[in-house]
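To be precise, the following lines are run.tsv, and they hold TSV, C-alpha atoms.
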chain	number	residue	atom	x	y	z
A	1	MET	CA	-17.14	31.12	-5.06
A	2	ALA	CA	-18.75	34.51	-5.35
A	3	ASP	CA	-22.47	35.10	-5.71
A	4	LYS	CA	-24.04	35.07	-9.14
A	5	VAL	CA	-22.94	38.06	-11.19
A	6	LYS	CA	-25.57	40.62	-12.08
A	7	HIS	CA	-26.08	41.48	-15.72
A	8	GLY	CA	-23.41	43.89	-16.89
A	9	LEU	CA	-24.49	46.94	-18.84
A	10	ALA	CA	-21.25	47.64	-20.67
A	11	PRO	CA	-21.61	46.79	-24.37
A	12	TRP	CA	-19.31	44.19	-25.92
A	13	SER	CA	-17.85	45.12	-29.26
A	14	LYS	CA	-15.42	43.40	-31.57
A	15	GLY	CA	-11.92	44.78	-31.34
A	16	ARG	CA	-12.18	46.07	-27.77
A	17	GLY	CA	-9.38	45.01	-25.45
A	18	ILE	CA	-10.16	41.90	-23.41
A	19	ARG	CA	-10.92	42.62	-19.76
A	20	THR	CA	-13.27	39.81	-18.72
A	21	VAL	CA	-12.75	36.12	-19.50
A	22	CYS	CA	-15.28	33.36	-18.84
A	23	VAL	CA	-14.46	29.65	-18.64
A	24	LEU	CA	-16.89	26.73	-19.03
A	25	THR	CA	-16.77	22.94	-19.27
A	26	SER	CA	-18.88	21.15	-21.84
A	27	GLY	CA	-19.63	17.60	-22.98
A	28	GLY	CA	-18.56	14.59	-20.93
A	29	ASP	CA	-16.69	15.27	-17.71
A	30	ALA	CA	-13.07	14.17	-17.40
A	31	PRO	CA	-10.55	14.06	-14.54
A	32	GLY	CA	-8.35	17.12	-14.83
A	33	MET	CA	-11.07	19.55	-15.87
A	34	ASN	CA	-10.87	21.23	-12.46
A	35	ALA	CA	-7.11	21.57	-12.80
A	36	ALA	CA	-7.63	23.26	-16.18
A	37	ILE	CA	-10.24	25.66	-14.76
A	38	ARG	CA	-7.89	26.49	-11.91
A	39	ALA	CA	-5.02	27.23	-14.29
A	40	VAL	CA	-7.17	29.41	-16.54
A	41	VAL	CA	-8.50	31.41	-13.59
A	42	ARG	CA	-5.21	31.89	-11.78
A	43	ALA	CA	-3.23	32.67	-14.93
A	44	GLY	CA	-5.96	35.09	-15.98
A	45	ILE	CA	-5.94	36.89	-12.64
A	46	GLN	CA	-2.14	37.17	-12.80
A	47	GLU	CA	-2.53	38.95	-16.14
A	48	GLY	CA	-5.13	41.35	-14.79
A	49	PHE	CA	-8.27	39.79	-16.28
A	50	ARG	CA	-11.57	39.64	-14.49
A	51	MET	CA	-12.45	35.95	-14.40
A	52	MET	CA	-15.87	34.34	-14.57
A	53	GLY	CA	-17.14	30.78	-14.69
A	54	CYS	CA	-20.23	29.52	-16.48
A	55	ARG	CA	-21.94	26.57	-14.82
A	56	ARG	CA	-23.53	23.72	-16.80
A	57	GLY	CA	-21.76	24.44	-20.07
A	58	PHE	CA	-23.54	26.12	-22.98
A	59	ARG	CA	-26.90	25.38	-21.40
A	60	GLY	CA	-25.87	27.42	-18.39
A	61	LEU	CA	-24.64	30.18	-20.68
A	62	LEU	CA	-28.08	30.41	-22.25
A	63	HIS	CA	-29.57	30.82	-18.77
A	64	GLY	CA	-26.99	33.29	-17.51
A	65	ASP	CA	-25.71	30.83	-14.90
A	66	ILE	CA	-22.46	32.78	-14.56
A	67	LEU	CA	-20.30	33.31	-11.48
A	68	GLU	CA	-17.34	35.50	-10.73
A	69	LEU	CA	-14.22	33.52	-9.87
A	70	ASP	CA	-11.14	34.47	-7.90
A	71	ALA	CA	-8.06	32.59	-6.71
A	72	HIS	CA	-9.96	31.34	-3.64
A	73	SER	CA	-12.80	30.00	-5.83
A	74	VAL	CA	-10.47	27.45	-7.44
A	75	SER	CA	-8.42	26.63	-4.34
A	76	GLY	CA	-8.43	22.92	-3.47
A	77	GLN	CA	-9.80	21.89	-6.89
A	78	VAL	CA	-6.69	20.50	-8.59
A	79	GLN	CA	-7.00	17.08	-6.95
A	80	ARG	CA	-10.73	16.68	-7.55
A	81	GLY	CA	-12.21	14.73	-10.43
A	82	GLY	CA	-15.18	15.89	-12.47
A	83	THR	CA	-15.83	19.61	-12.89
A	84	PHE	CA	-17.04	21.93	-10.14
A	85	LEU	CA	-18.55	24.15	-12.85
A	86	MET	CA	-20.61	21.12	-13.92
A	87	THR	CA	-21.47	20.23	-17.50
A	88	ALA	CA	-24.63	19.65	-19.50
A	89	ARG	CA	-25.75	19.27	-23.09
A	90	SER	CA	-27.99	21.82	-24.80
A	91	GLU	CA	-30.19	21.22	-27.83
A	92	GLU	CA	-31.19	24.89	-27.84
A	93	PHE	CA	-27.59	26.03	-28.27
A	94	ASN	CA	-27.30	23.89	-31.41
A	95	THR	CA	-29.62	26.26	-33.27
A	96	PRO	CA	-28.83	29.66	-34.84
A	97	GLU	CA	-31.23	31.27	-32.39
A	98	GLY	CA	-29.46	29.58	-29.48
A	99	VAL	CA	-26.03	30.77	-30.61
A	100	GLN	CA	-27.35	34.32	-30.99
A	101	LYS	CA	-28.87	34.16	-27.51
A	102	ALA	CA	-25.57	32.91	-26.05
A	103	PHE	CA	-23.70	35.72	-27.79
A	104	ASP	CA	-26.15	38.27	-26.40
A	105	ILE	CA	-25.74	36.83	-22.90
A	106	CYS	CA	-21.98	37.33	-23.20
A	107	ARG	CA	-22.62	40.98	-24.07
A	108	GLN	CA	-24.98	41.39	-21.13
A	109	PHE	CA	-22.41	40.02	-18.69
A	110	GLY	CA	-19.55	41.99	-20.22
A	111	ILE	CA	-17.72	38.80	-21.25
A	112	ASP	CA	-14.97	39.63	-23.73
A	113	ALA	CA	-13.58	36.10	-24.30
A	114	LEU	CA	-14.62	32.51	-23.65
A	115	VAL	CA	-12.44	29.49	-22.78
A	116	VAL	CA	-14.21	26.21	-23.57
A	117	ILE	CA	-12.93	22.96	-22.02
A	118	GLY	CA	-14.32	19.88	-23.75
A	119	GLY	CA	-14.27	17.83	-26.94
A	120	ASP	CA	-14.97	18.33	-30.63
A	121	GLY	CA	-18.67	18.99	-30.06
A	122	SER	CA	-17.82	21.71	-27.57
A	123	PHE	CA	-15.34	23.24	-30.01
A	124	ARG	CA	-18.01	23.39	-32.72
A	125	GLY	CA	-20.14	25.43	-30.33
A	126	ALA	CA	-17.15	27.66	-29.62
A	127	LEU	CA	-16.60	28.08	-33.36
A	128	ASP	CA	-20.18	29.26	-33.81
A	129	LEU	CA	-19.56	32.00	-31.26
A	130	ALA	CA	-16.17	32.82	-32.78
A	131	ARG	CA	-17.83	33.40	-36.16
A	132	MET	CA	-19.99	36.03	-34.48
A	133	GLY	CA	-16.87	37.83	-33.28
A	134	LEU	CA	-16.41	36.48	-29.76
A	135	PRO	CA	-12.77	35.57	-28.97
A	136	VAL	CA	-12.70	31.89	-27.97
A	137	ILE	CA	-10.06	29.35	-26.97
A	138	GLY	CA	-10.64	25.59	-26.69
A	139	ILE	CA	-8.91	23.13	-24.36
A	140	PRO	CA	-9.16	19.40	-25.27
A	141	SER	CA	-10.61	17.23	-22.51
A	142	THR	CA	-12.06	13.75	-23.00
A	143	ILE	CA	-11.19	10.37	-21.52
A	144	ASP	CA	-11.45	8.76	-24.98
A	145	ASN	CA	-8.37	10.69	-26.22
A	146	ASP	CA	-10.03	10.94	-29.63
A	147	ILE	CA	-9.64	14.67	-30.38
A	148	GLY	CA	-7.87	14.80	-33.73
A	149	CYS	CA	-5.87	17.98	-33.21
A	150	SER	CA	-4.16	16.89	-30.01
A	151	GLU	CA	-2.02	13.86	-29.30
A	152	TYR	CA	-3.25	13.93	-25.71
A	153	SER	CA	-6.54	14.96	-24.10
A	154	ILE	CA	-7.07	15.79	-20.43
A	155	GLY	CA	-8.56	12.84	-18.53
A	156	PHE	CA	-7.20	9.95	-20.59
A	157	ASP	CA	-4.37	8.93	-18.27
A	158	THR	CA	-6.62	8.90	-15.19
A	159	ALA	CA	-9.31	6.86	-16.98
A	160	VAL	CA	-6.76	4.30	-18.17
A	161	ASN	CA	-5.26	3.94	-14.70
A	162	THR	CA	-8.71	3.60	-13.11
A	163	ALA	CA	-9.62	0.83	-15.56
A	164	MET	CA	-6.23	-0.86	-15.13
A	165	GLU	CA	-6.60	-1.04	-11.37
A	166	ALA	CA	-10.11	-2.47	-11.69
A	167	ILE	CA	-9.00	-5.11	-14.19
A	168	ASP	CA	-6.06	-6.15	-12.04
A	169	LYS	CA	-8.54	-6.85	-9.23
A	170	LEU	CA	-10.90	-8.70	-11.55
A	171	ARG	CA	-8.04	-10.92	-12.68
A	172	ASP	CA	-7.59	-11.98	-9.06
A	173	THR	CA	-11.13	-13.34	-8.87
A	174	ALA	CA	-10.91	-14.80	-12.40
A	175	THR	CA	-7.85	-16.73	-11.22
A	176	SER	CA	-9.61	-18.00	-8.12
A	177	HIS	CA	-12.56	-19.35	-10.11
A	178	GLU	CA	-10.70	-20.33	-13.31
A	179	ARG	CA	-12.89	-18.01	-15.35
A	180	CYS	CA	-12.76	-15.64	-18.27
A	181	SER	CA	-13.50	-12.02	-17.38
A	182	CYS	CA	-15.00	-9.98	-20.22
A	183	ILE	CA	-14.51	-6.36	-19.24
A	184	GLU	CA	-16.12	-3.51	-21.15
A	185	VAL	CA	-14.38	-0.14	-21.12
A	186	MET	CA	-15.44	3.15	-22.66
A	187	GLY	CA	-14.76	3.94	-26.30
A	188	ARG	CA	-17.70	4.02	-28.70
A	189	ARG	CA	-15.69	5.13	-31.73
A	190	THR	CA	-12.09	4.59	-30.69
A	191	GLY	CA	-10.15	1.94	-28.84
A	192	TYR	CA	-7.47	4.03	-27.11
A	193	ILE	CA	-8.63	3.09	-23.61
A	194	ALA	CA	-9.11	-0.60	-24.42
A	195	LEU	CA	-5.77	-0.90	-26.20
A	196	ASN	CA	-3.74	0.78	-23.47
A	197	VAL	CA	-5.54	-0.95	-20.63
A	198	GLY	CA	-5.40	-4.34	-22.31
A	199	VAL	CA	-1.67	-4.15	-22.93
A	200	SER	CA	-0.92	-2.84	-19.43
A	201	CYS	CA	-3.00	-5.57	-17.79
A	202	GLY	CA	-1.70	-8.43	-19.91
A	203	ALA	CA	-5.12	-9.21	-21.37
A	204	GLU	CA	-5.39	-12.33	-23.48
A	205	VAL	CA	-7.70	-10.56	-25.95
A	206	ILE	CA	-8.35	-6.88	-26.77
A	207	LEU	CA	-11.30	-5.94	-28.98
A	208	ILE	CA	-11.43	-2.42	-30.43
A	209	PRO	CA	-13.60	-0.70	-33.09
A	210	GLU	CA	-10.60	-0.07	-35.37
A	211	VAL	CA	-10.07	-3.79	-35.97
A	212	GLU	CA	-12.89	-5.97	-37.31
A	213	MET	CA	-13.42	-8.91	-34.99
A	214	ASN	CA	-12.96	-12.45	-36.30
A	215	PHE	CA	-14.36	-14.35	-33.33
A	216	GLU	CA	-12.97	-17.76	-34.21
A	217	LYS	CA	-9.46	-16.44	-34.88
A	218	ASP	CA	-9.13	-13.50	-32.53
A	219	VAL	CA	-11.07	-14.76	-29.53
A	220	GLU	CA	-11.86	-18.47	-29.56
A	221	HIS	CA	-8.49	-19.63	-30.95
A	222	ARG	CA	-6.46	-17.37	-28.65
A	223	LEU	CA	-8.31	-18.45	-25.51
A	224	LEU	CA	-8.09	-22.14	-26.37
A	225	GLU	CA	-4.40	-21.71	-27.17
A	226	SER	CA	-3.88	-20.11	-23.76
A	227	ARG	CA	-5.71	-22.98	-22.09
A	228	SER	CA	-3.53	-25.50	-23.91
A	229	LYS	CA	-0.54	-23.81	-22.25
A	230	ASP	CA	-2.03	-24.47	-18.80
A	231	ARG	CA	-3.64	-21.07	-18.37
A	232	TYR	CA	-6.89	-21.27	-16.43
A	233	HIS	CA	-7.90	-17.62	-16.17
A	234	TYR	CA	-8.37	-15.10	-18.95
A	235	VAL	CA	-9.07	-11.39	-19.42
A	236	VAL	CA	-10.85	-10.06	-22.50
A	237	VAL	CA	-11.00	-6.25	-22.76
A	238	VAL	CA	-13.80	-4.94	-24.98
A	239	ALA	CA	-14.24	-1.33	-26.12
A	240	GLU	CA	-17.94	-0.49	-25.90
A	241	GLY	CA	-18.07	0.36	-29.61
A	242	VAL	CA	-17.25	-3.22	-30.62
A	243	GLY	CA	-20.66	-4.63	-29.78
A	244	ASP	CA	-22.65	-6.35	-27.05
A	245	THR	CA	-20.15	-7.49	-24.42
A	246	VAL	CA	-22.70	-9.83	-22.81
A	247	GLU	CA	-23.23	-11.53	-26.17
A	248	ILE	CA	-19.45	-11.86	-26.65
A	249	SER	CA	-19.13	-13.39	-23.18
A	250	ASN	CA	-21.96	-15.85	-23.81
A	251	ARG	CA	-20.38	-16.85	-27.09
A	252	ILE	CA	-17.03	-17.46	-25.39
A	253	GLU	CA	-18.64	-19.78	-22.85
A	254	LYS	CA	-20.66	-21.62	-25.49
A	255	GLN	CA	-17.85	-22.16	-28.00
A	256	THR	CA	-14.91	-22.73	-25.67
A	257	GLY	CA	-16.50	-24.22	-22.59
A	258	ILE	CA	-14.73	-21.59	-20.47
A	259	GLU	CA	-16.92	-20.07	-17.79
A	260	SER	CA	-17.21	-16.35	-18.54
A	261	ARG	CA	-18.43	-13.33	-16.60
A	262	VAL	CA	-19.06	-9.74	-17.71
A	263	THR	CA	-18.03	-6.55	-15.93
A	264	ILE	CA	-18.98	-3.17	-17.42
A	265	LEU	CA	-16.80	-0.49	-15.84
A	266	GLY	CA	-18.95	2.34	-17.16
A	267	HIS	CA	-18.72	5.81	-15.68
A	268	VAL	CA	-16.34	4.79	-12.91
A	269	GLN	CA	-13.70	5.56	-15.55
A	270	ARG	CA	-14.71	9.23	-15.54
A	271	GLY	CA	-14.26	9.68	-11.82
A	272	GLY	CA	-11.44	9.80	-9.34
A	273	SER	CA	-8.59	12.10	-8.49
A	274	PRO	CA	-6.59	13.01	-11.63
A	275	THR	CA	-3.13	11.54	-12.12
A	276	THR	CA	-0.03	13.69	-12.13
A	277	ARG	CA	0.01	13.68	-15.92
A	278	ASP	CA	-3.54	14.98	-16.16
A	279	ARG	CA	-3.00	17.65	-13.49
A	280	VAL	CA	0.17	18.94	-15.12
A	281	THR	CA	-1.13	18.77	-18.71
A	282	ALA	CA	-4.37	20.51	-17.70
A	283	SER	CA	-2.40	23.23	-15.92
A	284	LEU	CA	-0.11	23.82	-18.89
A	285	MET	CA	-3.04	23.94	-21.30
A	286	GLY	CA	-5.01	26.32	-19.08
A	287	ALA	CA	-2.10	28.72	-18.80
A	288	ARG	CA	-1.53	28.48	-22.58
A	289	ALA	CA	-5.15	29.50	-23.20
A	290	ILE	CA	-4.61	32.75	-21.30
A	291	LYS	CA	-1.34	33.35	-23.13
A	292	SER	CA	-3.22	33.01	-26.43
A	293	LEU	CA	-5.73	35.64	-25.39
A	294	LEU	CA	-2.93	37.98	-24.38
A	295	SER	CA	-1.31	37.47	-27.80
A	296	CYS	CA	-4.65	38.10	-29.59
A	297	GLU	CA	-4.58	34.50	-30.90
A	298	TYR	CA	-8.33	34.01	-30.95
A	299	GLY	CA	-10.41	31.17	-32.36
A	300	ARG	CA	-7.84	28.51	-31.53
A	301	VAL	CA	-7.60	25.17	-29.73
A	302	VAL	CA	-4.76	24.38	-27.35
A	303	SER	CA	-3.02	21.21	-28.50
A	304	HIS	CA	-0.41	18.75	-27.27
A	305	GLN	CA	1.93	17.95	-30.16
A	306	ARG	CA	5.28	16.16	-29.88
A	307	GLY	CA	5.71	17.10	-26.27
A	308	ARG	CA	4.85	20.77	-26.81
A	309	ILE	CA	1.74	22.78	-25.92
A	310	ILE	CA	0.75	24.81	-28.99
A	311	THR	CA	-2.44	26.24	-30.50
A	312	ILE	CA	-4.21	25.43	-33.78
A	313	GLU	CA	-6.93	27.40	-35.56
A	314	ILE	CA	-10.25	25.97	-34.44
A	315	GLU	CA	-11.57	25.31	-37.96
A	316	GLU	CA	-8.40	23.43	-38.86
A	317	ALA	CA	-8.52	21.56	-35.55
A	318	LEU	CA	-12.04	20.32	-36.21
A	319	GLN	CA	-10.99	18.94	-39.60
A	320	MET	CA	-8.09	16.95	-38.15
A	321	THR	CA	-8.43	13.25	-37.40
A	322	LYS	CA	-6.19	10.70	-35.75
A	323	SER	CA	-6.09	6.96	-35.38
A	324	ILE	CA	-4.19	4.31	-33.51
A	325	SER	CA	-0.85	3.86	-35.25
A	326	GLN	CA	-0.05	0.73	-37.19
A	327	ASP	CA	2.95	0.14	-34.94
A	328	GLU	CA	0.71	0.14	-31.88
A	329	LEU	CA	-1.74	-2.22	-33.56
A	330	SER	CA	1.02	-4.56	-34.72
A	331	THR	CA	2.60	-4.71	-31.28
A	332	ALA	CA	-0.73	-5.20	-29.54
A	333	TYR	CA	-1.79	-7.87	-32.02
A	334	LYS	CA	1.32	-9.90	-31.24
A	335	ILE	CA	0.42	-9.65	-27.57
A	336	ALA	CA	-3.35	-9.82	-27.36
A	337	ILE	CA	-5.47	-7.95	-29.91
Could the structure of this file be written out as structure tokens, please?
Amino acid sequence: MADKVKHGLAPWSKGRGIRTVCVLTSGGDAPGMNAAIRAVVRAGIQEGFRMMGCRRGFRGLLHGDILELDAHSVSGQVQRGGTFLMTARSEEFNTPEGVQKAFDICRQFGIDALVVIGGDGSFRGALDLARMGLPVIGIPSTIDNDIGCSEYSIGFDTAVNTAMEAIDKLRDTATSHERCSCIEVMGRRTGYIALNVGVSCGAEVILIPEVEMNFEKDVEHRLLESRSKDRYHYVVVVAEGVGDTVEISNRIEKQTGIESRVTILGHVQRGGSPTTRDRVTASLMGARAIKSLLSCEYGRVVSHQRGRIITIEIEEALQMTKSISQDELSTAYKIAI
């Protein structure tokens, strides 16, 4: 990676042809972010752009923490989890004065366009800059897979596989001790991780925020029914947004007599080498971001829709919502939910 770029003196003005593109990662890290950065940089270089990277997200932008990137800078990154550009949150950027300062920094460094890799919060920051006239493109990346405008977000597949492997191992020890394992996975507002992991691991119970929990019916009855069929080990997958997993575990032990233990997977789900799906999706999305800039399609978010990589206007994208389908819920409920 090259040394820190000195402040550019060339003025930035709306309507000028794009020559310099900067990429940053914002919000929570996700496996595949590095693959997306790599694709943006290499596709940009192929099209003749000067490529830069901003470290530590919008906070770094406010401090001019900007580096010049070349093909060598992103070599060997596709298989690494996290983000080598790092990420951080910024309260200052969430103010009109902060947005103006960030815009001025872009002018000082000669940045003509910004590619933002992150979630809805990151896209709102990008929209603020777009309203000031800076061409921006967003790339959806979050392990929760809860970005409304895209059916798939970078990082989800890796997070699910990481959790699945951990739960498979926990089932081994639950079997040995004839216990119930209550396993908390990420998902404060959505249950995509819990639902997919629970189904793939054959969990006896899956608890997600989208479905109100009836403890007696959905947990106690199902576990006792399993025991009556000569099952002596159980897995309960809990999305963190459902409630206190320790309390749920204690209640299971008290009301069923089944010994129960809690495991909170936490940020281990964010780490690890990205799966093939995340590497490929990130690469396709990164290349699509550069194509959008070439086509003067500014102020848009790259989106995965029905197997295709497209772009959606950022304001429209932020208004879109999605939820777990009724078919998925019905199928999961028959199995474990």
> Given the choices A:Val211, A:Ala194, A:Ala36, A:Leu294, which gets closest to Gln79 in chain A if the distance is worked out from only C-alpha atoms?
Replying inline: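 Under the stated criterion, the closest residue is A:Ala36.
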> Can you tell me how far CA of Met213 in chain A sits from CA of Gly271 in chain A, in Å to one decimal?
Replying inline: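 The value is 29.7 Å.
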>> When you look at range 159-165 of chain A with a cut-off of 12 Å (counting all atoms listed in the file), what residues show up, excluding the ones that are within fewer than 4 positions of it in the same chain? I need them as a VMD selection string.
In response: chain A and resid 29 to 32 81 to 82 141 to 145 153 to 155 169 to 172 183 to 187 191 to 203 235 237 to 239 263 to 278
> Mind pulling up the distance from CA of Phe109 in chain A to CA of Leu69 in chain A?
Replying inline: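 Computing it gives 13.7 Å between the two atoms.
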>> Counting all atoms listed in the file, which residue out of A:Arg261, A:Arg306, A:Arg222, A:His233 sits closest to Ser176 in chain A?
In response: A:His233
>> For a test of reading the model, state the distance in Å between CA of Cys22 in chain A and CA of Ile45 in chain A, rounded to one decimal.
In response: 11.8 Å
For the contact check between range 124-164 of chain A and range 284-288 of chain A, emit one row per residue of range 124-164 of chain A within 10 Å, containing the shortest atom pair and the distance in Å rounded to one decimal, counting all atoms listed in the file, chain then rising number order, as a Markdown table.
| residue | atom | partner | partner_atom | distance |
| --- | --- | --- | --- | --- |
| A:Ile137 | CA | A:Arg288 | CA | 9.6 |
| A:Gly138 | CA | A:Met285 | CA | 9.5 |
| A:Ile139 | CA | A:Met285 | CA | 6.7 |
| A:Pro140 | CA | A:Met285 | CA | 8.6 |
| A:Ile154 | CA | A:Met285 | CA | 9.1 |
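Closest approach to Val236 in chain A among A:Gln255, A:Glu297, A:Cys182, A:Phe215: A:Cys182, based on only C-alpha atoms.
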Could you put an axis-aligned box around every listed atom of range 75-89 of chain A, padded by 5 Å on each side, and send me its centre and edge lengths in Å to one decimal, as AutoDock Vina command-line options?
--center_x -16.2 --center_y 20.7 --center_z -13.3 --size_x 29.1 --size_y 21.9 --size_z 29.6
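Minimum atom-to-atom distance to Val23 in chain A, evaluated using all atoms listed in the file, belongs to A:Ala289 out of A:Ala289, A:Leu224, A:Val280, A:Ile248.
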>> I'd like the neighbourhood of Gly299 in chain A as a list of chain:residue names, where a residue qualifies if any of its atoms comes within 8 Å (using all atoms listed in the file), though same-chain residues fewer than 5 positions away should be ignored.
In response: A:Leu127, A:Ala130, A:Pro135, A:Val136, A:Ile137, A:Gly138, A:Glu313, A:Ile314
>> My list of candidates is A:Ala43, A:Ala88, A:Asn94, A:Ala35. Which is closest to Gly76 in chain A when distances are computed with all atoms listed in the file?
In response: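 Ranking A:Ala43, A:Ala88, A:Asn94, A:Ala35 by distance to Gly76 in chain A, first place goes to A:Ala35.
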Can you list, as a PDB file with C-alpha atoms, keeping the file's coordinate frame, every protein, DNA or RNA residue that comes within 10 Å of Gln319 in chain A when you count only C-alpha atoms, leaving out same-chain residues fewer than 2 positions away?
ATOM      1  CA  ASP A 120     -14.970  18.330 -30.630  1.00  0.00           C
ATOM      2  CA  GLY A 148      -7.870  14.800 -33.730  1.00  0.00           C
ATOM      3  CA  CYS A 149      -5.870  17.980 -33.210  1.00  0.00           C
ATOM      4  CA  ILE A 314     -10.250  25.970 -34.440  1.00  0.00           C
ATOM      5  CA  GLU A 315     -11.570  25.310 -37.960  1.00  0.00           C
ATOM      6  CA  GLU A 316      -8.400  23.430 -38.860  1.00  0.00           C
ATOM      7  CA  ALA A 317      -8.520  21.560 -35.550  1.00  0.00           C
ATOM      8  CA  THR A 321      -8.430  13.250 -37.400  1.00  0.00           C
TER       9      THR A 321
END
> Between A:Arg55, A:Lys334, A:Arg89, A:Arg279, which is the closest to Ala39 in chain A once you count all atoms listed in the file?
Replying inline: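 Once distances to Ala39 in chain A are computed over all atoms listed in the file, the minimum belongs to A:Arg279.
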>> When you look at Glu210 in chain A with a cut-off of 7 Å (counting only C-alpha atoms), what residues show up, excluding the ones that are within fewer than 2 positions of it in the same chain? I need them as a list in words.
In response: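 Answer for this query is Thr190, Gly191, Ile208 and Glu212 of chain A.
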Have range 214-234 of chain A completed to N, CA and C atoms, please, and pass it along as a PDB file, in the frame of the given file.
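Produced file out27.pdb, reproduced below:
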ATOM      1  N   ASN A 214     -12.759 -11.095 -35.794  1.00  0.00           N
ATOM      2  CA  ASN A 214     -12.960 -12.450 -36.300  1.00  0.00           C
ATOM      3  C   ASN A 214     -13.013 -13.328 -35.059  1.00  0.00           C
ATOM      4  N   PHE A 215     -14.203 -13.696 -34.627  1.00  0.00           N
ATOM      5  CA  PHE A 215     -14.360 -14.350 -33.330  1.00  0.00           C
ATOM      6  C   PHE A 215     -13.560 -15.646 -33.234  1.00  0.00           C
ATOM      7  N   GLU A 216     -13.651 -16.465 -34.256  1.00  0.00           N
ATOM      8  CA  GLU A 216     -12.970 -17.760 -34.210  1.00  0.00           C
ATOM      9  C   GLU A 216     -11.453 -17.585 -34.099  1.00  0.00           C
ATOM     10  N   LYS A 217     -10.913 -16.642 -34.855  1.00  0.00           N
ATOM     11  CA  LYS A 217      -9.460 -16.440 -34.880  1.00  0.00           C
ATOM     12  C   LYS A 217      -8.971 -15.593 -33.716  1.00  0.00           C
ATOM     13  N   ASP A 218      -9.640 -14.490 -33.473  1.00  0.00           N
ATOM     14  CA  ASP A 218      -9.130 -13.500 -32.530  1.00  0.00           C
ATOM     15  C   ASP A 218      -9.536 -13.762 -31.086  1.00  0.00           C
ATOM     16  N   VAL A 219     -10.604 -14.522 -30.890  1.00  0.00           N
ATOM     17  CA  VAL A 219     -11.070 -14.760 -29.530  1.00  0.00           C
ATOM     18  C   VAL A 219     -11.000 -16.253 -29.175  1.00  0.00           C
ATOM     19  N   GLU A 220     -11.780 -17.048 -29.879  1.00  0.00           N
ATOM     20  CA  GLU A 220     -11.860 -18.470 -29.560  1.00  0.00           C
ATOM     21  C   GLU A 220     -10.482 -19.147 -29.637  1.00  0.00           C
ATOM     22  N   HIS A 221      -9.782 -18.965 -30.765  1.00  0.00           N
ATOM     23  CA  HIS A 221      -8.490 -19.630 -30.950  1.00  0.00           C
ATOM     24  C   HIS A 221      -7.479 -19.178 -29.894  1.00  0.00           C
ATOM     25  N   ARG A 222      -7.453 -17.876 -29.599  1.00  0.00           N
ATOM     26  CA  ARG A 222      -6.460 -17.370 -28.650  1.00  0.00           C
ATOM     27  C   ARG A 222      -6.732 -17.891 -27.235  1.00  0.00           C
ATOM     28  N   LEU A 223      -7.992 -17.953 -26.847  1.00  0.00           N
ATOM     29  CA  LEU A 223      -8.310 -18.450 -25.510  1.00  0.00           C
ATOM     30  C   LEU A 223      -8.014 -19.944 -25.387  1.00  0.00           C
ATOM     31  N   LEU A 224      -8.377 -20.704 -26.415  1.00  0.00           N
ATOM     32  CA  LEU A 224      -8.090 -22.140 -26.370  1.00  0.00           C
ATOM     33  C   LEU A 224      -6.598 -22.405 -26.399  1.00  0.00           C
ATOM     34  N   GLU A 225      -5.858 -21.580 -27.143  1.00  0.00           N
ATOM     35  CA  GLU A 225      -4.400 -21.710 -27.170  1.00  0.00           C
ATOM     36  C   GLU A 225      -3.821 -21.437 -25.788  1.00  0.00           C
ATOM     37  N   SER A 226      -4.347 -20.424 -25.118  1.00  0.00           N
ATOM     38  CA  SER A 226      -3.880 -20.110 -23.760  1.00  0.00           C
ATOM     39  C   SER A 226      -4.179 -21.267 -22.814  1.00  0.00           C
ATOM     40  N   ARG A 227      -5.362 -21.859 -22.965  1.00  0.00           N
ATOM     41  CA  ARG A 227      -5.710 -22.980 -22.090  1.00  0.00           C
ATOM     42  C   ARG A 227      -4.790 -24.179 -22.325  1.00  0.00           C
ATOM     43  N   SER A 228      -4.419 -24.381 -23.586  1.00  0.00           N
ATOM     44  CA  SER A 228      -3.530 -25.500 -23.910  1.00  0.00           C
ATOM     45  C   SER A 228      -2.142 -25.331 -23.284  1.00  0.00           C
ATOM     46  N   LYS A 229      -1.826 -24.091 -22.900  1.00  0.00           N
ATOM     47  CA  LYS A 229      -0.540 -23.810 -22.250  1.00  0.00           C
ATOM     48  C   LYS A 229      -0.710 -23.706 -20.727  1.00  0.00           C
ATOM     49  N   ASP A 230      -1.771 -24.389 -20.243  1.00  0.00           N
ATOM     50  CA  ASP A 230      -2.030 -24.470 -18.800  1.00  0.00           C
ATOM     51  C   ASP A 230      -2.395 -23.147 -18.166  1.00  0.00           C
ATOM     52  N   ARG A 231      -3.066 -22.272 -18.945  1.00  0.00           N
ATOM     53  CA  ARG A 231      -3.640 -21.070 -18.370  1.00  0.00           C
ATOM     54  C   ARG A 231      -5.091 -21.373 -18.020  1.00  0.00           C
ATOM     55  N   TYR A 232      -5.535 -20.960 -16.850  1.00  0.00           N
ATOM     56  CA  TYR A 232      -6.890 -21.270 -16.430  1.00  0.00           C
ATOM     57  C   TYR A 232      -7.679 -20.013 -16.032  1.00  0.00           C
ATOM     58  N   HIS A 233      -7.148 -18.857 -16.362  1.00  0.00           N
ATOM     59  CA  HIS A 233      -7.900 -17.620 -16.170  1.00  0.00           C
ATOM     60  C   HIS A 233      -7.549 -16.690 -17.322  1.00  0.00           C
ATOM     61  N   TYR A 234      -8.539 -15.883 -17.735  1.00  0.00           N
ATOM     62  CA  TYR A 234      -8.370 -15.100 -18.950  1.00  0.00           C
ATOM     63  C   TYR A 234      -9.058 -13.741 -18.778  1.00  0.00           C
TER      64      TYR A 234
END
